[in-house]
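Shown next: work_21.tsv, containing TSV, C-alpha atoms and all ligand atoms.
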```tsv
chain	number	residue	atom	x	y	z
A	105	MET	CA	-35.50	-13.33	6.63
A	106	ILE	CA	-31.89	-13.67	5.50
A	107	LYS	CA	-30.62	-17.25	5.87
A	108	VAL	CA	-27.15	-17.07	7.43
A	109	GLY	CA	-24.52	-19.76	7.91
A	110	VAL	CA	-21.51	-19.40	10.21
A	111	PHE	CA	-18.03	-20.86	9.65
A	112	GLY	CA	-15.94	-20.97	12.82
A	113	ALA	CA	-19.16	-21.09	14.85
A	114	ARG	CA	-17.61	-22.48	18.04
A	115	GLY	CA	-14.77	-19.95	18.07
A	116	ARG	CA	-14.51	-16.66	20.00
A	117	MET	CA	-16.03	-14.59	17.18
A	118	GLY	CA	-18.17	-17.23	15.49
A	119	SER	CA	-20.07	-17.98	18.71
A	120	GLU	CA	-20.96	-14.25	19.01
A	121	VAL	CA	-22.12	-14.23	15.39
A	122	VAL	CA	-24.40	-17.21	16.05
A	123	LYS	CA	-26.01	-15.30	18.95
A	124	ALA	CA	-26.35	-12.09	16.92
A	125	VAL	CA	-27.94	-13.90	13.97
A	126	GLU	CA	-30.37	-15.70	16.28
A	127	GLN	CA	-31.32	-12.45	18.04
A	128	ALA	CA	-31.76	-10.18	15.00
A	129	GLU	CA	-35.28	-9.91	13.65
A	130	ASP	CA	-34.36	-10.19	9.98
A	131	THR	CA	-31.85	-13.09	10.07
A	132	VAL	CA	-32.16	-16.81	10.72
A	133	LEU	CA	-29.38	-19.32	11.39
A	134	ALA	CA	-29.22	-21.72	8.45
A	135	GLY	CA	-26.29	-23.88	9.58
A	136	ILE	CA	-22.92	-23.86	11.29
A	137	ALA	CA	-19.51	-25.46	10.66
A	138	ASP	CA	-16.29	-25.64	12.61
A	139	THR	CA	-14.31	-27.78	10.17
A	140	ALA	CA	-14.05	-28.05	6.38
A	141	GLU	CA	-15.85	-31.42	6.60
A	142	GLU	CA	-18.90	-29.78	8.25
A	143	ARG	CA	-19.31	-27.09	5.56
A	144	SER	CA	-22.25	-28.78	3.81
A	145	ALA	CA	-24.32	-27.92	6.93
A	146	VAL	CA	-24.67	-24.39	5.53
A	147	LEU	CA	-26.05	-25.40	2.12
A	148	GLY	CA	-29.31	-23.46	1.91
A	149	ALA	CA	-27.76	-20.31	3.44
A	150	GLU	CA	-27.81	-17.13	1.36
A	151	VAL	CA	-24.84	-15.65	3.22
A	152	VAL	CA	-22.07	-17.28	5.25
A	153	VAL	CA	-20.06	-15.37	7.85
A	154	ASP	CA	-16.47	-16.64	8.14
A	155	PHE	CA	-14.41	-16.12	11.30
A	156	THR	CA	-12.04	-19.07	11.04
A	157	HIS	CA	-8.28	-19.02	10.47
A	158	PRO	CA	-6.01	-17.43	7.86
A	159	ASP	CA	-5.01	-20.98	6.77
A	160	ALA	CA	-8.64	-22.05	6.22
A	161	VAL	CA	-10.38	-19.02	4.77
A	162	MET	CA	-9.24	-19.24	1.12
A	163	ASP	CA	-10.50	-22.80	0.76
A	164	ASN	CA	-13.76	-21.79	2.46
A	165	LEU	CA	-14.22	-18.91	-0.01
A	166	ARG	CA	-13.63	-21.18	-2.99
A	167	TRP	CA	-16.21	-23.65	-1.63
A	168	LEU	CA	-18.79	-20.90	-1.00
A	169	ALA	CA	-18.37	-19.44	-4.51
A	170	GLU	CA	-18.77	-22.90	-6.04
A	171	ASN	CA	-22.01	-23.26	-4.09
A	172	GLY	CA	-23.36	-19.80	-5.02
A	173	ILE	CA	-23.30	-18.45	-1.44
A	174	HIS	CA	-22.31	-14.84	-0.59
A	175	ALA	CA	-19.59	-14.41	2.04
A	176	VAL	CA	-19.01	-11.90	4.83
A	177	VAL	CA	-15.45	-12.45	5.99
A	178	GLY	CA	-13.79	-11.28	9.19
A	179	THR	CA	-10.89	-13.70	9.13
A	180	SER	CA	-7.53	-11.94	8.91
A	181	GLY	CA	-4.56	-12.57	6.61
A	182	PHE	CA	-5.63	-10.82	3.39
A	183	ASP	CA	-2.74	-9.20	1.52
A	184	GLU	CA	-2.85	-8.08	-2.13
A	185	ALA	CA	-1.91	-11.57	-3.40
A	186	ARG	CA	-4.82	-13.16	-1.55
A	187	LEU	CA	-7.26	-10.49	-2.70
A	188	ALA	CA	-6.17	-11.12	-6.29
A	189	GLU	CA	-6.86	-14.83	-5.77
A	190	VAL	CA	-10.34	-14.04	-4.42
A	191	ARG	CA	-11.06	-11.89	-7.50
A	192	GLU	CA	-9.98	-14.81	-9.70
A	193	ILE	CA	-12.28	-17.23	-7.85
A	194	LEU	CA	-15.21	-14.80	-8.13
A	195	ALA	CA	-14.67	-14.22	-11.87
A	196	ALA	CA	-15.79	-17.82	-12.41
A	197	HIS	CA	-18.94	-17.26	-10.28
A	198	PRO	CA	-20.42	-13.90	-11.37
A	199	GLY	CA	-23.48	-14.01	-9.09
A	200	VAL	CA	-21.47	-14.30	-5.88
A	201	LYS	CA	-20.49	-11.33	-3.68
A	202	VAL	CA	-17.80	-11.23	-0.99
A	203	LEU	CA	-17.25	-8.62	1.71
A	204	ILE	CA	-13.92	-8.85	3.53
A	205	ALA	CA	-13.59	-6.49	6.50
A	206	PRO	CA	-10.30	-6.35	8.43
A	207	ASN	CA	-12.34	-4.97	11.32
A	208	PHE	CA	-16.14	-4.92	11.83
A	209	GLY	CA	-15.97	-2.45	14.74
A	210	ILE	CA	-17.49	0.84	13.57
A	211	ALA	CA	-15.07	2.82	15.77
A	212	ALA	CA	-12.17	0.78	14.39
A	213	VAL	CA	-13.19	1.65	10.83
A	214	LEU	CA	-13.32	5.33	11.85
A	215	MET	CA	-9.87	5.01	13.48
A	216	MET	CA	-8.44	3.71	10.17
A	217	ASN	CA	-10.22	6.44	8.21
A	218	PHE	CA	-8.98	9.21	10.54
A	219	ALA	CA	-5.44	7.80	10.42
A	220	ALA	CA	-5.40	7.96	6.62
A	221	LYS	CA	-6.67	11.57	6.75
A	222	ALA	CA	-4.00	12.60	9.30
A	223	ALA	CA	-1.11	10.85	7.55
A	224	PRO	CA	-0.03	13.60	5.12
A	225	TYR	CA	0.35	16.14	7.96
A	226	PHE	CA	3.09	14.30	9.91
A	227	GLU	CA	6.72	13.40	9.31
A	228	SER	CA	6.53	10.14	11.29
A	229	VAL	CA	3.92	7.48	11.88
A	230	GLU	CA	4.07	4.03	13.48
A	231	ILE	CA	1.35	1.57	14.47
A	232	VAL	CA	1.11	-0.37	17.73
A	233	GLU	CA	-1.49	-3.13	17.88
A	234	LEU	CA	-2.29	-4.97	21.12
A	235	HIS	CA	-4.27	-8.23	21.27
A	236	HIS	CA	-5.07	-11.27	23.40
A	237	PRO	CA	-2.31	-13.92	23.33
A	238	ASN	CA	-4.48	-16.53	21.53
A	239	LYS	CA	-4.48	-14.53	18.32
A	240	ALA	CA	-3.21	-16.66	15.42
A	241	ASP	CA	-1.41	-14.01	13.37
A	242	ALA	CA	0.75	-10.92	13.70
A	243	PRO	CA	0.46	-8.18	12.85
A	244	SER	CA	-3.32	-7.94	13.02
A	245	GLY	CA	-5.33	-7.53	9.83
A	246	THR	CA	-6.44	-4.15	11.13
A	247	ALA	CA	-2.86	-2.94	11.63
A	248	TYR	CA	-1.89	-4.28	8.20
A	249	ARG	CA	-4.80	-2.45	6.54
A	250	THR	CA	-4.11	0.75	8.51
A	251	ALA	CA	-0.48	0.67	7.37
A	252	GLU	CA	-1.59	0.23	3.74
A	253	LEU	CA	-4.05	3.15	4.00
A	254	VAL	CA	-1.54	5.42	5.74
A	255	ALA	CA	1.19	4.54	3.22
A	256	GLN	CA	-1.18	5.25	0.31
A	257	ALA	CA	-2.21	8.61	1.82
A	258	ARG	CA	1.46	9.56	2.30
A	259	ALA	CA	2.32	8.51	-1.26
A	260	ASP	CA	-0.65	10.45	-2.72
A	261	ALA	CA	0.50	13.53	-0.79
A	262	GLY	CA	4.13	13.15	-1.94
A	263	SER	CA	5.38	12.81	1.67
A	264	ALA	CA	9.14	12.48	2.15
A	265	PRO	CA	10.49	9.21	3.63
A	266	MET	CA	10.21	9.08	7.43
A	267	PRO	CA	13.30	10.07	9.40
A	268	ASP	CA	14.98	7.05	11.05
A	269	ALA	CA	18.71	7.04	11.74
A	270	THR	CA	18.82	3.48	13.15
A	271	THR	CA	21.96	1.72	11.93
A	272	SER	CA	22.19	-1.01	14.56
A	273	GLU	CA	19.26	-3.03	15.87
A	274	ILE	CA	18.28	-6.39	17.29
A	275	ASP	CA	16.02	-8.18	14.76
A	276	GLY	CA	12.41	-7.09	15.26
A	277	ALA	CA	13.16	-4.12	17.50
A	278	ARG	CA	11.75	-1.70	14.93
A	279	GLY	CA	8.70	-3.86	14.20
A	280	ALA	CA	7.49	-5.17	10.86
A	281	ASP	CA	7.68	-3.03	7.73
A	282	VAL	CA	4.29	-2.85	5.96
A	283	ASP	CA	4.55	-0.62	2.88
A	284	GLY	CA	7.23	1.43	4.68
A	285	VAL	CA	5.19	1.84	7.88
A	286	ARG	CA	6.50	0.20	11.08
A	287	VAL	CA	3.97	-2.04	12.85
A	288	HIS	CA	4.51	-3.38	16.40
A	289	ALA	CA	2.43	-6.29	17.75
A	290	LEU	CA	1.91	-6.88	21.49
A	291	ARG	CA	0.19	-10.03	22.84
A	292	ILE	CA	-1.06	-9.44	26.40
A	293	THR	CA	-3.30	-11.55	28.62
A	294	GLY	CA	-6.50	-9.68	29.52
A	295	LEU	CA	-6.65	-7.63	26.32
A	296	ILE	CA	-9.11	-8.14	23.45
A	297	ALA	CA	-8.19	-5.92	20.45
A	298	HIS	CA	-6.60	-2.47	20.57
A	299	GLN	CA	-4.57	-0.21	18.30
A	300	GLU	CA	-2.71	3.07	18.47
A	301	VAL	CA	-1.56	5.01	15.46
A	302	VAL	CA	1.18	7.38	16.62
A	303	PHE	CA	1.97	10.43	14.50
A	304	GLY	CA	4.69	12.99	15.07
A	305	THR	CA	6.01	16.19	13.61
A	306	HIS	CA	8.11	19.03	15.06
A	307	GLY	CA	6.76	19.94	18.49
A	308	GLU	CA	3.48	17.98	18.13
A	309	THR	CA	2.27	14.41	18.29
A	310	LEU	CA	-1.12	12.85	17.65
A	311	LYS	CA	-2.24	9.43	18.89
A	312	ILE	CA	-5.38	7.82	17.50
A	313	ARG	CA	-6.40	4.92	19.72
A	314	HIS	CA	-9.12	2.34	19.35
A	315	ASP	CA	-10.18	-0.26	21.96
A	316	SER	CA	-12.52	-3.22	21.51
A	317	MET	CA	-13.78	-3.98	25.03
A	318	ASN	CA	-15.71	-7.12	24.04
A	319	ARG	CA	-16.54	-9.19	20.94
A	320	GLU	CA	-20.20	-8.16	20.90
A	321	SER	CA	-18.95	-4.78	19.67
A	322	PHE	CA	-18.16	-6.28	16.25
A	323	MET	CA	-21.74	-7.54	15.72
A	324	PRO	CA	-23.48	-4.39	14.38
A	325	GLY	CA	-20.83	-4.30	11.63
A	326	VAL	CA	-21.19	-8.02	10.90
A	327	LEU	CA	-25.00	-7.74	10.65
A	328	LEU	CA	-24.66	-4.68	8.41
A	329	GLY	CA	-22.46	-6.78	6.11
A	330	VAL	CA	-24.93	-9.68	6.16
A	331	ARG	CA	-27.82	-7.36	5.24
A	332	ARG	CA	-25.98	-5.55	2.44
A	333	VAL	CA	-23.55	-8.02	0.87
A	334	ALA	CA	-25.90	-9.32	-1.85
A	335	GLU	CA	-26.55	-5.77	-3.13
A	336	LEU	CA	-22.96	-4.50	-3.16
A	337	PRO	CA	-21.97	-3.08	-6.56
A	338	GLU	CA	-18.63	-4.96	-6.78
A	339	GLN	CA	-18.15	-8.72	-6.49
A	340	LEU	CA	-15.38	-8.11	-3.93
A	341	THR	CA	-15.58	-5.30	-1.37
A	342	VAL	CA	-12.73	-4.76	1.10
A	343	GLY	CA	-13.57	-2.88	4.27
A	344	LEU	CA	-16.82	-1.66	5.76
A	345	GLU	CA	-16.17	1.93	4.63
A	346	PRO	CA	-18.54	1.99	1.60
A	347	LEU	CA	-21.36	0.53	3.72
A	348	LEU	CA	-20.87	3.38	6.22
A	349	GLY	CA	-20.70	6.08	3.54
A	350	LEU	CA	-17.00	6.75	4.25
A	351	ASP	CA	-14.55	7.53	1.44
B	1	LIG	N1	-12.69	-8.59	11.15
B	1	LIG	C1	-12.93	-8.49	12.47
B	1	LIG	O1	-13.62	-7.57	12.94
B	1	LIG	C2	-12.36	-9.51	13.39
B	1	LIG	C3	-11.59	-10.51	12.88
B	1	LIG	N2	-11.11	-11.51	13.68
B	1	LIG	C4	-10.40	-12.59	13.00
B	1	LIG	O2	-11.26	-13.72	12.93
B	1	LIG	C5	-10.49	-14.92	12.94
B	1	LIG	C6	-10.99	-15.84	14.04
B	1	LIG	O3	-10.73	-15.26	15.29
B	1	LIG	P1	-11.24	-15.96	16.65
B	1	LIG	O4	-12.72	-16.15	16.60
B	1	LIG	O5	-10.62	-15.19	17.75
B	1	LIG	O6	-10.52	-17.39	16.50
B	1	LIG	P2	-10.95	-18.78	17.17
B	1	LIG	O7	-9.75	-19.67	17.08
B	1	LIG	O8	-11.59	-18.55	18.50
B	1	LIG	O9	-12.09	-19.33	16.21
B	1	LIG	C7	-11.85	-19.86	14.92
B	1	LIG	C8	-12.77	-21.05	14.77
B	1	LIG	O10	-12.75	-21.49	13.41
B	1	LIG	C9	-12.68	-22.92	13.42
B	1	LIG	N3	-12.17	-23.36	12.12
B	1	LIG	C10	-10.91	-23.63	11.74
B	1	LIG	N4	-10.88	-24.03	10.45
B	1	LIG	C11	-12.16	-24.02	10.00
B	1	LIG	C12	-12.78	-24.34	8.76
B	1	LIG	N5	-12.07	-24.77	7.70
B	1	LIG	N6	-14.13	-24.20	8.63
B	1	LIG	C13	-14.89	-23.80	9.68
B	1	LIG	N7	-14.34	-23.50	10.91
B	1	LIG	C14	-13.00	-23.60	11.05
B	1	LIG	C15	-11.79	-23.22	14.59
B	1	LIG	O11	-11.90	-24.57	15.00
B	1	LIG	P3	-10.61	-25.25	15.76
B	1	LIG	O12	-10.34	-24.41	16.95
B	1	LIG	O13	-11.09	-26.62	16.05
B	1	LIG	O14	-9.50	-25.18	14.75
B	1	LIG	C16	-12.34	-22.24	15.64
B	1	LIG	O15	-13.49	-22.75	16.30
B	1	LIG	C17	-9.03	-14.47	13.08
B	1	LIG	O16	-8.44	-14.39	11.81
B	1	LIG	C18	-9.15	-13.07	13.68
B	1	LIG	O17	-8.06	-12.26	13.42
B	1	LIG	C19	-11.36	-11.52	15.02
B	1	LIG	C20	-12.07	-10.52	15.60
B	1	LIG	C21	-12.66	-9.43	14.84
B	2	LIG	O1	-7.95	-11.82	16.36
B	2	LIG	C1	-8.57	-10.84	16.84
B	2	LIG	O2	-8.97	-10.81	18.02
B	2	LIG	C2	-8.86	-9.69	15.96
B	2	LIG	N1	-8.55	-9.78	14.71
B	2	LIG	C3	-8.76	-8.80	13.70
B	2	LIG	C4	-7.43	-8.33	13.15
B	2	LIG	O3	-6.54	-9.16	12.93
B	2	LIG	O4	-7.30	-7.13	12.92
B	2	LIG	C5	-9.67	-7.68	14.16
B	2	LIG	C6	-9.49	-7.30	15.60
B	2	LIG	O5	-8.27	-6.66	15.73
B	2	LIG	C7	-9.57	-8.51	16.50
```

Produce structure tokens that represent the structure in this file.
Amino acid sequence: MIKVGVFGARGRMGSEVVKAVEQAEDTVLAGIADTAEERSAVLGAEVVVDFTHPDAVMDNLRWLAENGIHAVVGTSGFDEARLAEVREILAAHPGVKVLIAPNFGIAAVLMMNFAAKAAPYFESVEIVELHHPNKADAPSGTAYRTAELVAQARADAGSAPMPDATTSEIDGARGADVDGVRVHALRITGLIAHQEVVFGTHGETLKIRHDSMNRESFMPGVLLGVRRVAELPEQLTVGLEPLLGLD
């Protein structure tokens, strides 16, 4: 049995993780925390799953590394600077592994993978992410990661800059610029988590859309991370792709 702790256990995602860990045959709940002060409740866990807040997660990761506990992280907000900081923390704790996945939905990972593959074939691409209005950050971690992957695929293919003749705009009308890719964030009551990657070239468009209909849908990915994190070859793994055999 893998002993699993949960940070953010009373939140929307954390409460689903608690249920999934309790229901799986090879995992047991070792402790839960919903504040930094409660973290010692997970001492004894082999792996902690963190679905907390972008403002809390870095301190949580430092604490877990200091206590020799592997981490499976769903919390958003990881840019290159943060990932570099995580690598620095881990360098001082060589036995500890961390998996950070911008999205644990298997279909969402495929959506990102397909978007990167399509990117070199189109002149234009923009990302629209749609979430529930209680989401803490914008754009979503998934949209941010998709933009990075799409931008990298375009750069590797030597794609020309995207056409955009806008010379006058109200601030924000063209969305956020992530590595040269425009990202638009909608916050709509009734939604959970959704994304469209919209590609266009002359006479043809392609839309790749992903919808999370409930939070249970993230749990197979979270449990996969819990089962595999200790054996991952790198101390820090970003994205579920290598665990799914995707390049
Ligand atoms: N990678 C993925 O597949 C997914 C990622 N996410 C991400 O997960 C994160 C959480 O989302 P969601 O569950 O909707 O948010 P919630 O606000 O519902 O849950 C976060 C929980 O974490 C608690 N918390 C805050 N600080 C700490 C801390 N230092 N230690 C332990 N617990 C803490 C909060 O308590 P309090 O409310 O009292 O502050 C709250 O209960 C977000 O960054 C979101 O983007 C969400 C869905 C899928
Ligand atoms: O806050 C959410 O709900 C979600 N957050 C993650 C993100 O920021 O990408 C994953 C998913 O979109 C749901």

Selected residue of minimal separation from ligand LIG 2 (chain B) among A:Glu300, A:Glu345, A:Asp163, A:Glu308, counting only C-alpha atoms and all ligand atoms: A:Glu300

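Residue nearest ligand LIG 1 (chain B), chosen from A:Glu126, A:Glu141, A:Asp315, A:Asp281 and counting all atoms listed in the file: A:Glu141.
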
Ligand LIG 1 (chain B) proximity check over A:Ala134, A:Ile173, A:Ala205, A:Val229, using all atoms listed in the file: winner is A:Ala205

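Shortest separation to Phe322 in chain A among A:Ala137, A:Gly109, A:Pro206, A:Thr341 occurs at residue A:Pro206, atoms counted being all atoms listed in the file.
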
Could you report the residues within 6 Å of ligand LIG 2 (chain B), using only C-alpha atoms and all ligand atoms, as a VMD selection string? chain A and resid 180 206 to 207 239 244 to 246 297

Those residues you just picked out, can you put them in a file as a CSV table (one decimal), in the frame of the given file with C-alpha atoms?
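Saved to selection-v6.csv:
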```
chain,number,residue,atom,x,y,z
A,180,SER,CA,-7.5,-11.9,8.9
A,206,PRO,CA,-10.3,-6.4,8.4
A,207,ASN,CA,-12.3,-5.0,11.3
A,239,LYS,CA,-4.5,-14.5,18.3
A,244,SER,CA,-3.3,-7.9,13.0
A,245,GLY,CA,-5.3,-7.5,9.8
A,246,THR,CA,-6.4,-4.2,11.1
A,297,ALA,CA,-8.2,-5.9,20.4
```
